[in-house]
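**Q** After the structure tokens below, expect a handful of questions from me.
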Amino acid sequence: MAVPIISVVKGVSILGVSVILVAVIVRTIHFSRPKVHVQECKAIDADFISLDERRLSHFQEALRFQTISWGPGKYETEELRRLGDYIINAYPTIHKESPYVEWERVNNYSLLYHVKGSNAQLRPYLLMSHLDVVPISDPDVWDAPAFSGKIQDGFIYGRGSIDVKQTAMGIMEALEYLLIHNQRPERSFFVAFGHDEEVHGHDGAHFLAKRITEKGITELEYISDEGMPITHGIVAGVNNPLASVGVVEKGQVVLKLSVKGKPGHSSIPTKESTIGILARAVERLESNPLPSMLGQGAEKDMFEIIAREANIFQRILLANIWLFKPAISWFLSLKPTTNALIRTVTSVTMFNAGVKVNVLPSYAEAYVNHRVHPAQTIKEVIEYDRKIIGDDRVEIEISSVTDPHPTAGYGENDFGFQVLKTSINQLWPNVVVGPGIMVGNTDTRHYLNFTKDVYRFSPTYMVPGDPERFHGNNERISVKNYEQVINFYYHLMRNSDQAGVSPIHKPHEEF
């Protein structure tokens, strides 16, 4: 007797659903949190660097220098010079006494250090930061003066306290401590502080990288620069703090859109103006975002790590991105901060047209800034825009372009990532560490010829409300967190001495 086709179809459908359900359950169960075997560095340990009055005052004083960058080639040179002088005088072991350190000012205001290790067989690494800050938009709304370094309710206030004088001064304190105790590192390393990172680094980082090359260095083991912070309570449904280490940086392309026409009198307008044509093109771009790249970049691995910490509903979704990608993409697209992680974003930043209220404009132009997801190419983004605009009267020109950076290694055997991860968990043992995408741009663009293993992480601890302080009002860091910053960089230096990575923190009893 023949089996009815409809019964076969139902059977196949039930089987398919069952297979998918089993796969979802298995993957969800699989995403349990792995144990962190790193031993915590505690304040009672012999090699823990306490934040005494002298170290604290160094940081406060650094925040008082108004080292503002206003635009490319336009920055507060006298303040930068004075800050450089202060750093040189504040750390005499680094600058005058240690036989292991060569240092110099580069292009007048940037600082470069070469710390010479005892083992020439180990590839050197690079620690980066920068000395300049962005302007203050509204000083009257700050709880403490923006360039005061004032301590209030356990927080140190000042422009640059989280972007990123805390890392520059933290590195200096850690290195001074290392050298005072006569600890010559095994692995050589460089420290580079640019002076114009906030305006693309063409006068600072560009020349610092060139100077490292002139020293005969062609390869670096890894590079550590500013990047994403430790966040706690910001991702809904996740109880533990998260540290997303930027293993790749978005690219950027700025496009100039323009429309040309004929001038005329406003009393006899044409059917379409140059402004109207261009405005419709811009509206199409904003209404049709580029597709989600979720699952095609490092953010996939970070979301899967988050799944281990999330509630059961979120764990089911994030552990099975292969199945729930549309729903997850829709949800992440609701917030600008998470939307930027999963796609190339579109920002219309300038629109210019018209010369007089009664004259039809013969020309209109707009600038569109795309931050390009590493899974896409610049060419693909431009072709997408051209298709969405769908109007040959709109001319598209490339104003500037930076390709997405190569993705650094973040596996179990990738030294740079693992040494950062170990150092993070020695100071914050309950923090979940994973790879992520850096949505902004840093000075690392000038160093990519040395290595692809570039990591963007700032040891800054943030809770809800803190991310808005970046380039915003009331920039601050807690006193406790700054102490952690110093100890993070000290442990990073010590951990980088190893040929491989040891997860164990061993206090140095000789202190």
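Naming scheme: A, B, ... for chains in displayed order of the structure tokens; residues 1 onward per chain; ligands 1 onward as shown.
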Output as a ChimeraX atom specification all residues of range 264-359 of chain A that backbone DSSP marks as alpha helix (DSSP H).

**A** /A:274-287,298-307,312-318,321-332,336-342

**Q** Got time to write the residues from that selection, N, CA and C atoms, as a CSV table (one decimal), in the first residue's frame?

**A**
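The resulting file, selection-v9.csv, is shown below:
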```
chain,number,residue,atom,x,y,z
A,274,THR,N,18.5,70.8,-6.9
A,274,THR,CA,19.7,70.0,-6.5
A,274,THR,C,19.6,69.6,-5.1
A,275,ILE,N,19.0,70.5,-4.2
A,275,ILE,CA,18.8,70.1,-2.8
A,275,ILE,C,17.9,68.9,-2.7
A,276,GLY,N,16.7,69.0,-3.4
A,276,GLY,CA,15.7,67.9,-3.3
A,276,GLY,C,16.3,66.6,-3.8
A,277,ILE,N,17.0,66.6,-4.9
A,277,ILE,CA,17.6,65.4,-5.5
A,277,ILE,C,18.6,64.8,-4.4
A,278,LEU,N,19.4,65.6,-3.9
A,278,LEU,CA,20.4,65.1,-2.9
A,278,LEU,C,19.8,64.7,-1.6
A,279,ALA,N,18.8,65.4,-1.2
A,279,ALA,CA,18.1,65.1,0.1
A,279,ALA,C,17.4,63.7,-0.1
A,280,ARG,N,16.8,63.4,-1.2
A,280,ARG,CA,16.2,62.1,-1.4
A,280,ARG,C,17.3,61.0,-1.4
A,281,ALA,N,18.4,61.3,-2.0
A,281,ALA,CA,19.5,60.3,-2.0
A,281,ALA,C,20.0,60.0,-0.5
A,282,VAL,N,20.1,61.0,0.3
A,282,VAL,CA,20.5,60.9,1.6
A,282,VAL,C,19.5,60.1,2.4
A,283,GLU,N,18.2,60.4,2.2
A,283,GLU,CA,17.1,59.7,2.9
A,283,GLU,C,17.1,58.2,2.5
A,284,ARG,N,17.4,57.9,1.3
A,284,ARG,CA,17.5,56.5,0.9
A,284,ARG,C,18.6,55.7,1.7
A,285,LEU,N,19.7,56.4,1.8
A,285,LEU,CA,20.8,55.8,2.5
A,285,LEU,C,20.5,55.6,4.0
A,286,GLU,N,19.9,56.6,4.6
A,286,GLU,CA,19.6,56.4,6.0
A,286,GLU,C,18.4,55.4,6.3
A,287,SER,N,17.5,55.3,5.3
A,287,SER,CA,16.4,54.3,5.5
A,287,SER,C,16.7,52.9,5.1
A,298,ALA,N,34.7,38.9,14.4
A,298,ALA,CA,35.0,38.5,15.8
A,298,ALA,C,33.9,38.8,16.8
A,299,GLU,N,32.9,39.6,16.4
A,299,GLU,CA,31.8,39.8,17.4
A,299,GLU,C,31.0,38.6,17.6
A,300,LYS,N,31.0,37.6,16.7
A,300,LYS,CA,30.3,36.4,16.9
A,300,LYS,C,30.9,35.6,18.1
A,301,ASP,N,32.2,35.6,18.1
A,301,ASP,CA,32.8,34.9,19.3
A,301,ASP,C,32.6,35.6,20.6
A,302,MET,N,32.6,36.9,20.6
A,302,MET,CA,32.3,37.6,21.8
A,302,MET,C,30.8,37.4,22.3
A,303,PHE,N,29.9,37.4,21.3
A,303,PHE,CA,28.5,37.1,21.7
A,303,PHE,C,28.4,35.7,22.3
A,304,GLU,N,29.1,34.7,21.7
A,304,GLU,CA,29.0,33.4,22.2
A,304,GLU,C,29.6,33.3,23.6
A,305,ILE,N,30.6,34.1,23.9
A,305,ILE,CA,31.2,34.1,25.2
A,305,ILE,C,30.2,34.8,26.2
A,306,ILE,N,29.5,35.8,25.7
A,306,ILE,CA,28.5,36.4,26.6
A,306,ILE,C,27.4,35.4,26.9
A,307,ALA,N,27.1,34.5,25.9
A,307,ALA,CA,26.0,33.5,26.1
A,307,ALA,C,26.3,32.7,27.3
A,312,ILE,N,18.9,32.2,30.5
A,312,ILE,CA,18.7,31.0,29.7
A,312,ILE,C,18.1,31.4,28.3
A,313,PHE,N,17.2,32.4,28.3
A,313,PHE,CA,16.7,32.9,27.0
A,313,PHE,C,17.7,33.5,26.1
A,314,GLN,N,18.6,34.3,26.7
A,314,GLN,CA,19.7,34.9,25.9
A,314,GLN,C,20.7,33.9,25.5
A,315,ARG,N,20.9,32.9,26.4
A,315,ARG,CA,21.9,31.9,26.0
A,315,ARG,C,21.4,31.0,24.8
A,316,ILE,N,20.1,30.7,24.8
A,316,ILE,CA,19.6,30.0,23.7
A,316,ILE,C,19.8,30.7,22.4
A,317,LEU,N,19.6,32.0,22.4
A,317,LEU,CA,19.7,32.9,21.2
A,317,LEU,C,21.2,33.0,20.8
A,318,LEU,N,22.0,33.4,21.7
A,318,LEU,CA,23.4,33.7,21.4
A,318,LEU,C,24.2,32.5,21.1
A,321,ILE,N,23.5,31.5,17.0
A,321,ILE,CA,23.4,32.6,16.0
A,321,ILE,C,23.1,32.1,14.6
A,322,TRP,N,23.6,30.9,14.3
A,322,TRP,CA,23.4,30.3,13.0
A,322,TRP,C,21.9,30.2,12.7
A,323,LEU,N,21.1,30.1,13.7
A,323,LEU,CA,19.6,29.9,13.5
A,323,LEU,C,18.9,31.2,13.8
A,324,PHE,N,19.3,32.0,14.8
A,324,PHE,CA,18.5,33.1,15.2
A,324,PHE,C,19.1,34.5,14.7
A,325,LYS,N,20.0,34.4,13.7
A,325,LYS,CA,20.7,35.6,13.3
A,325,LYS,C,19.7,36.8,13.0
A,326,PRO,N,18.6,36.5,12.2
A,326,PRO,CA,17.7,37.6,11.9
A,326,PRO,C,17.1,38.3,13.1
A,327,ALA,N,16.7,37.5,14.1
A,327,ALA,CA,16.1,38.1,15.3
A,327,ALA,C,17.1,38.8,16.2
A,328,ILE,N,18.3,38.2,16.3
A,328,ILE,CA,19.4,38.9,17.1
A,328,ILE,C,19.8,40.2,16.4
A,329,SER,N,20.0,40.1,15.1
A,329,SER,CA,20.4,41.3,14.3
A,329,SER,C,19.3,42.5,14.5
A,330,TRP,N,18.1,42.1,14.5
A,330,TRP,CA,17.0,43.1,14.7
A,330,TRP,C,17.1,43.7,16.0
A,331,PHE,N,17.3,42.9,17.1
A,331,PHE,CA,17.4,43.4,18.4
A,331,PHE,C,18.6,44.3,18.6
A,332,LEU,N,19.8,43.8,18.1
A,332,LEU,CA,21.0,44.6,18.3
A,332,LEU,C,20.9,45.9,17.5
A,336,PRO,N,22.2,52.2,19.0
A,336,PRO,CA,23.3,52.6,18.1
A,336,PRO,C,24.6,51.9,18.6
A,337,THR,N,24.8,51.7,19.9
A,337,THR,CA,26.1,51.1,20.3
A,337,THR,C,26.2,49.6,19.9
A,338,THR,N,25.1,48.9,19.9
A,338,THR,CA,25.2,47.5,19.5
A,338,THR,C,25.0,47.3,18.0
A,339,ASN,N,24.3,48.3,17.4
A,339,ASN,CA,24.1,48.3,15.9
A,339,ASN,C,25.5,48.4,15.2
A,340,ALA,N,26.4,49.2,15.8
A,340,ALA,CA,27.7,49.5,15.2
A,340,ALA,C,28.6,48.3,15.2
A,341,LEU,N,28.2,47.3,16.1
A,341,LEU,CA,29.1,46.1,16.2
A,341,LEU,C,28.8,45.1,15.0
A,342,ILE,N,27.6,45.2,14.4
A,342,ILE,CA,27.2,44.1,13.5
A,342,ILE,C,27.1,44.5,12.0
```

**Q** So which residues touch Gly411 in chain A within 12 Å, counting only C-alpha atoms, skipping near sequence neighbours fewer than 3 positions away, as a compact mmCIF listing (two decimals) with N, CA and C atoms, in the first residue's frame?

**A**
```txt
# COMPACT_ATOMS: atom_id res chain seq x y z
N VAL A 247 40.15 43.07 18.66
CA VAL A 247 41.13 42.34 17.85
C VAL A 247 41.12 42.82 16.40
N ALA A 298 34.66 38.91 14.43
CA ALA A 298 35.04 38.55 15.80
C ALA A 298 33.90 38.76 16.79
N ASP A 301 32.21 35.57 18.14
CA ASP A 301 32.84 34.85 19.25
C ASP A 301 32.59 35.56 20.58
N THR A 407 42.58 41.13 11.30
CA THR A 407 42.12 40.60 12.58
C THR A 407 43.28 39.92 13.31
N ALA A 408 43.51 40.35 14.54
CA ALA A 408 44.57 39.75 15.36
C ALA A 408 44.14 38.36 15.83
N ASP A 414 47.63 32.18 20.78
CA ASP A 414 48.02 33.52 20.34
C ASP A 414 48.55 34.30 21.54
N PHE A 415 49.86 34.52 21.55
CA PHE A 415 50.56 35.04 22.72
C PHE A 415 50.00 36.38 23.19
N GLY A 416 49.87 37.33 22.28
CA GLY A 416 49.44 38.67 22.69
C GLY A 416 48.08 38.66 23.35
N PHE A 417 47.12 37.96 22.75
CA PHE A 417 45.77 37.93 23.33
C PHE A 417 45.78 37.23 24.68
N GLN A 418 46.48 36.12 24.77
CA GLN A 418 46.49 35.36 26.01
C GLN A 418 47.21 36.09 27.14
N VAL A 419 48.26 36.83 26.81
CA VAL A 419 48.98 37.55 27.87
C VAL A 419 48.13 38.72 28.37
N LYS A 421 44.75 38.64 28.31
CA LYS A 421 43.67 37.97 29.04
C LYS A 421 44.13 37.58 30.44
N GLY A 434 36.90 38.38 26.07
CA GLY A 434 36.69 37.85 24.73
C GLY A 434 37.08 38.85 23.67
N PRO A 435 37.08 38.43 22.41
CA PRO A 435 37.45 39.32 21.32
C PRO A 435 36.29 40.22 20.91
N ASP A 453 48.90 41.33 15.02
CA ASP A 453 48.40 41.09 16.37
C ASP A 453 48.35 42.39 17.17
```

**Q** Do a neighbour search on Ser266 in chain A at 10 Å with only C-alpha atoms, toss out local chain neighbours closer than 4 positions, and write the hits as a PyMOL selection string.

**A** chain A and resi 270+356-361

**Q** Would you mind listing what lies within 6 Å of range 424-431 of chain A as an mmCIF file with C-alpha atoms, in the first residue's frame, with only C-alpha atoms counted and same-chain residues fewer than 2 positions away left out?

**A**
```
data_model
loop_
_atom_site.group_PDB
_atom_site.id
_atom_site.type_symbol
_atom_site.label_atom_id
_atom_site.label_comp_id
_atom_site.auth_asym_id
_atom_site.auth_seq_id
_atom_site.Cartn_x
_atom_site.Cartn_y
_atom_site.Cartn_z
ATOM 1 C CA GLN A 39 45.428 33.391 40.310
ATOM 2 C CA GLU A 40 44.346 36.848 41.463
ATOM 3 C CA CYS A 41 46.874 39.526 42.304
ATOM 4 C CA PRO A 241 31.737 42.153 34.059
ATOM 5 C CA LEU A 242 32.848 41.861 30.441
ATOM 6 C CA LYS A 421 43.671 37.972 29.039
ATOM 7 C CA THR A 422 45.854 36.598 31.850
#
```

**Q** Excluding same-chain residues fewer than 6 positions from range 204-208 of chain A, what lies within 7 Å of it counting only C-alpha atoms, as a PyMOL selection string?

**A** chain A and resi 106-107+110+112+192+194-196+443+446

**Q** Got a sec: who's within 9 Å of Gly237 in chain A, counting only C-alpha atoms, leaving out chain neighbours fewer than 5 positions off, as a ChimeraX atom specification?

**A** /A:309-311,314

**Q** Save out the residues we just selected, N, CA and C atoms, as a PDB file, in the first residue's frame.

**A**
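Heads up, here's the output in part-v9.pdb:
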```pdb
ATOM      1  N   GLU A 309      27.351  33.667  30.059  1.00  0.00           N
ATOM      2  CA  GLU A 309      27.042  34.436  31.271  1.00  0.00           C
ATOM      3  C   GLU A 309      25.590  34.864  31.328  1.00  0.00           C
ATOM      4  N   ALA A 310      24.850  34.686  30.248  1.00  0.00           N
ATOM      5  CA  ALA A 310      23.516  35.265  30.121  1.00  0.00           C
ATOM      6  C   ALA A 310      22.443  34.368  30.744  1.00  0.00           C
ATOM      7  N   ASN A 311      21.234  34.930  30.843  1.00  0.00           N
ATOM      8  CA  ASN A 311      20.106  34.129  31.292  1.00  0.00           C
ATOM      9  C   ASN A 311      19.765  33.092  30.222  1.00  0.00           C
ATOM     10  N   GLN A 314      18.580  34.345  26.669  1.00  0.00           N
ATOM     11  CA  GLN A 314      19.658  34.925  25.875  1.00  0.00           C
ATOM     12  C   GLN A 314      20.683  33.872  25.467  1.00  0.00           C
TER      13      GLN A 314
END
```

**Q** I need the residues of range 48-143 of chain A that end up classed as strand (DSSP E or B) by DSSP on the backbone, written out as a list in words.

**A** Ile68, Ser69, Trp70, Gly71, Lys74, Tyr75, Val101, Glu102, Trp103, Glu104, Arg105, Val106, Ser110, Leu111, Leu112, Tyr113, His114, Val115, Tyr125, Leu126, Leu127, Met128, Ser129, His130 and Val133 of chain A

**Q** Can you write just those residues out, N, CA and C atoms, as a PDB file, in the first residue's frame?

**A**
```pdb
ATOM      1  N   ILE A  68      45.013  69.921  24.401  1.00  0.00           N
ATOM      2  CA  ILE A  68      43.878  69.764  23.482  1.00  0.00           C
ATOM      3  C   ILE A  68      44.344  69.712  22.031  1.00  0.00           C
ATOM      4  N   SER A  69      43.783  68.774  21.305  1.00  0.00           N
ATOM      5  CA  SER A  69      43.941  68.751  19.850  1.00  0.00           C
ATOM      6  C   SER A  69      42.670  69.319  19.224  1.00  0.00           C
ATOM      7  N   TRP A  70      42.850  70.342  18.385  1.00  0.00           N
ATOM      8  CA  TRP A  70      41.702  71.015  17.776  1.00  0.00           C
ATOM      9  C   TRP A  70      41.429  70.521  16.360  1.00  0.00           C
ATOM     10  N   GLY A  71      42.468  70.090  15.686  1.00  0.00           N
ATOM     11  CA  GLY A  71      42.343  69.622  14.311  1.00  0.00           C
ATOM     12  C   GLY A  71      43.700  69.175  13.821  1.00  0.00           C
ATOM     13  N   LYS A  74      46.828  71.141  14.437  1.00  0.00           N
ATOM     14  CA  LYS A  74      46.441  72.248  15.313  1.00  0.00           C
ATOM     15  C   LYS A  74      46.189  71.709  16.722  1.00  0.00           C
ATOM     16  N   TYR A  75      47.172  71.893  17.598  1.00  0.00           N
ATOM     17  CA  TYR A  75      47.059  71.410  18.968  1.00  0.00           C
ATOM     18  C   TYR A  75      47.857  72.321  19.882  1.00  0.00           C
ATOM     19  N   VAL A 101      67.078  51.680  29.466  1.00  0.00           N
ATOM     20  CA  VAL A 101      66.081  52.460  28.734  1.00  0.00           C
ATOM     21  C   VAL A 101      66.738  53.521  27.847  1.00  0.00           C
ATOM     22  N   GLU A 102      66.334  53.538  26.588  1.00  0.00           N
ATOM     23  CA  GLU A 102      66.634  54.653  25.688  1.00  0.00           C
ATOM     24  C   GLU A 102      65.326  55.382  25.425  1.00  0.00           C
ATOM     25  N   TRP A 103      65.342  56.701  25.510  1.00  0.00           N
ATOM     26  CA  TRP A 103      64.112  57.443  25.249  1.00  0.00           C
ATOM     27  C   TRP A 103      64.422  58.706  24.471  1.00  0.00           C
ATOM     28  N   GLU A 104      63.391  59.237  23.823  1.00  0.00           N
ATOM     29  CA  GLU A 104      63.566  60.451  23.035  1.00  0.00           C
ATOM     30  C   GLU A 104      62.211  61.102  22.770  1.00  0.00           C
ATOM     31  N   ARG A 105      62.280  62.384  22.543  1.00  0.00           N
ATOM     32  CA  ARG A 105      61.105  63.078  22.034  1.00  0.00           C
ATOM     33  C   ARG A 105      61.101  62.964  20.519  1.00  0.00           C
ATOM     34  N   VAL A 106      59.952  62.684  19.959  1.00  0.00           N
ATOM     35  CA  VAL A 106      59.833  62.502  18.517  1.00  0.00           C
ATOM     36  C   VAL A 106      58.906  63.578  17.961  1.00  0.00           C
ATOM     37  N   SER A 110      55.882  64.037  20.944  1.00  0.00           N
ATOM     38  CA  SER A 110      55.613  62.633  21.245  1.00  0.00           C
ATOM     39  C   SER A 110      56.791  62.035  22.008  1.00  0.00           C
ATOM     40  N   LEU A 111      56.541  60.955  22.733  1.00  0.00           N
ATOM     41  CA  LEU A 111      57.569  60.305  23.532  1.00  0.00           C
ATOM     42  C   LEU A 111      57.717  58.846  23.110  1.00  0.00           C
ATOM     43  N   LEU A 112      58.979  58.410  22.972  1.00  0.00           N
ATOM     44  CA  LEU A 112      59.273  57.032  22.589  1.00  0.00           C
ATOM     45  C   LEU A 112      60.313  56.450  23.543  1.00  0.00           C
ATOM     46  N   TYR A 113      60.034  55.236  24.034  1.00  0.00           N
ATOM     47  CA  TYR A 113      60.932  54.542  24.950  1.00  0.00           C
ATOM     48  C   TYR A 113      61.278  53.166  24.387  1.00  0.00           C
ATOM     49  N   HIS A 114      62.531  52.799  24.496  1.00  0.00           N
ATOM     50  CA  HIS A 114      62.984  51.464  24.128  1.00  0.00           C
ATOM     51  C   HIS A 114      63.562  50.825  25.386  1.00  0.00           C
ATOM     52  N   VAL A 115      62.839  49.859  25.939  1.00  0.00           N
ATOM     53  CA  VAL A 115      63.278  49.158  27.143  1.00  0.00           C
ATOM     54  C   VAL A 115      63.964  47.874  26.682  1.00  0.00           C
ATOM     55  N   TYR A 125      57.639  43.857  22.008  1.00  0.00           N
ATOM     56  CA  TYR A 125      56.240  44.255  21.856  1.00  0.00           C
ATOM     57  C   TYR A 125      56.146  45.765  22.055  1.00  0.00           C
ATOM     58  N   LEU A 126      54.964  46.308  21.880  1.00  0.00           N
ATOM     59  CA  LEU A 126      54.761  47.762  21.954  1.00  0.00           C
ATOM     60  C   LEU A 126      53.538  48.077  22.796  1.00  0.00           C
ATOM     61  N   LEU A 127      53.722  48.989  23.772  1.00  0.00           N
ATOM     62  CA  LEU A 127      52.622  49.545  24.547  1.00  0.00           C
ATOM     63  C   LEU A 127      52.379  50.974  24.081  1.00  0.00           C
ATOM     64  N   MET A 128      51.130  51.296  23.782  1.00  0.00           N
ATOM     65  CA  MET A 128      50.801  52.607  23.221  1.00  0.00           C
ATOM     66  C   MET A 128      49.816  53.362  24.111  1.00  0.00           C
ATOM     67  N   SER A 129      49.878  54.683  23.995  1.00  0.00           N
ATOM     68  CA  SER A 129      48.870  55.569  24.561  1.00  0.00           C
ATOM     69  C   SER A 129      49.020  56.912  23.836  1.00  0.00           C
ATOM     70  N   HIS A 130      48.305  57.924  24.294  1.00  0.00           N
ATOM     71  CA  HIS A 130      48.515  59.261  23.707  1.00  0.00           C
ATOM     72  C   HIS A 130      48.309  60.338  24.754  1.00  0.00           C
ATOM     73  N   VAL A 133      44.066  65.372  24.236  1.00  0.00           N
ATOM     74  CA  VAL A 133      42.668  65.176  24.621  1.00  0.00           C
ATOM     75  C   VAL A 133      41.783  65.996  23.692  1.00  0.00           C
TER      76      VAL A 133
END
```

**Q** With only C-alpha atoms as the counted atoms, please give the residues lying no more than 9 Å from Gln498 in chain A, apart from itself and same-chain residues fewer than 6 positions off, as a list in words.

**A**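 Neighbouring residues, sequence-local ones excluded: Leu122, Glu186 and Arg187 of chain A.
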
**Q** Generate a file of the selected residues that holds C-alpha atoms, formatted as a JSON list (two decimals), in the first residue's frame.

**A**
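What ended up in part.json:
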```json
[["chain", "number", "residue", "atom", "x", "y", "z"],
["A", 122, "LEU", "CA", 62.34, 37.19, 22.09],
["A", 186, "GLU", "CA", 63.75, 39.48, 29.49],
["A", 187, "ARG", "CA", 61.71, 40.64, 26.49]]
```

**Q** Go through A:Arg308, A:Glu76, A:Tyr91, A:Glu197 one by one, measure the shortest atom-to-atom distance of each to Val238 in chain A using only C-alpha atoms, and give the residue with the smallest value.

**A** A:Arg308

**Q** Calculated over only C-alpha atoms, which of the candidates A:Thr460, A:Ala90, A:Leu83, A:Asn352 has the smallest distance to Met172 in chain A?

**A**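 Smallest separation from Met172 in chain A among the options: A:Ala90.
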
**Q** Identify which of the residues A:Leu257, A:Val479, A:Ala375, A:Leu492 lies closest to Asp392 in chain A, counting only C-alpha atoms when measuring atom-to-atom distances.

**A**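 Selected residue with least distance to Asp392 in chain A: A:Leu257.
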
**Q** What does the distance from CA of Arg445 in chain A to CA of Asn413 in chain A come to in Å, to one decimal?

**A**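 These two atoms are separated by 24.5 Å.
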
**Q** Report, in Å to a single decimal, how far apart CA of Val164 in chain A and CA of Leu56 in chain A are.

**A** 15.6 Å

**Q** Can you work out which one of A:Ile94, A:Val191, A:Met350, A:Val501 has the shortest atom-to-atom distance to Val38 in chain A, counting only C-alpha atoms?

**A**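 Looking only at the distances to Val38 in chain A, the closest residue turns out to be A:Val501.
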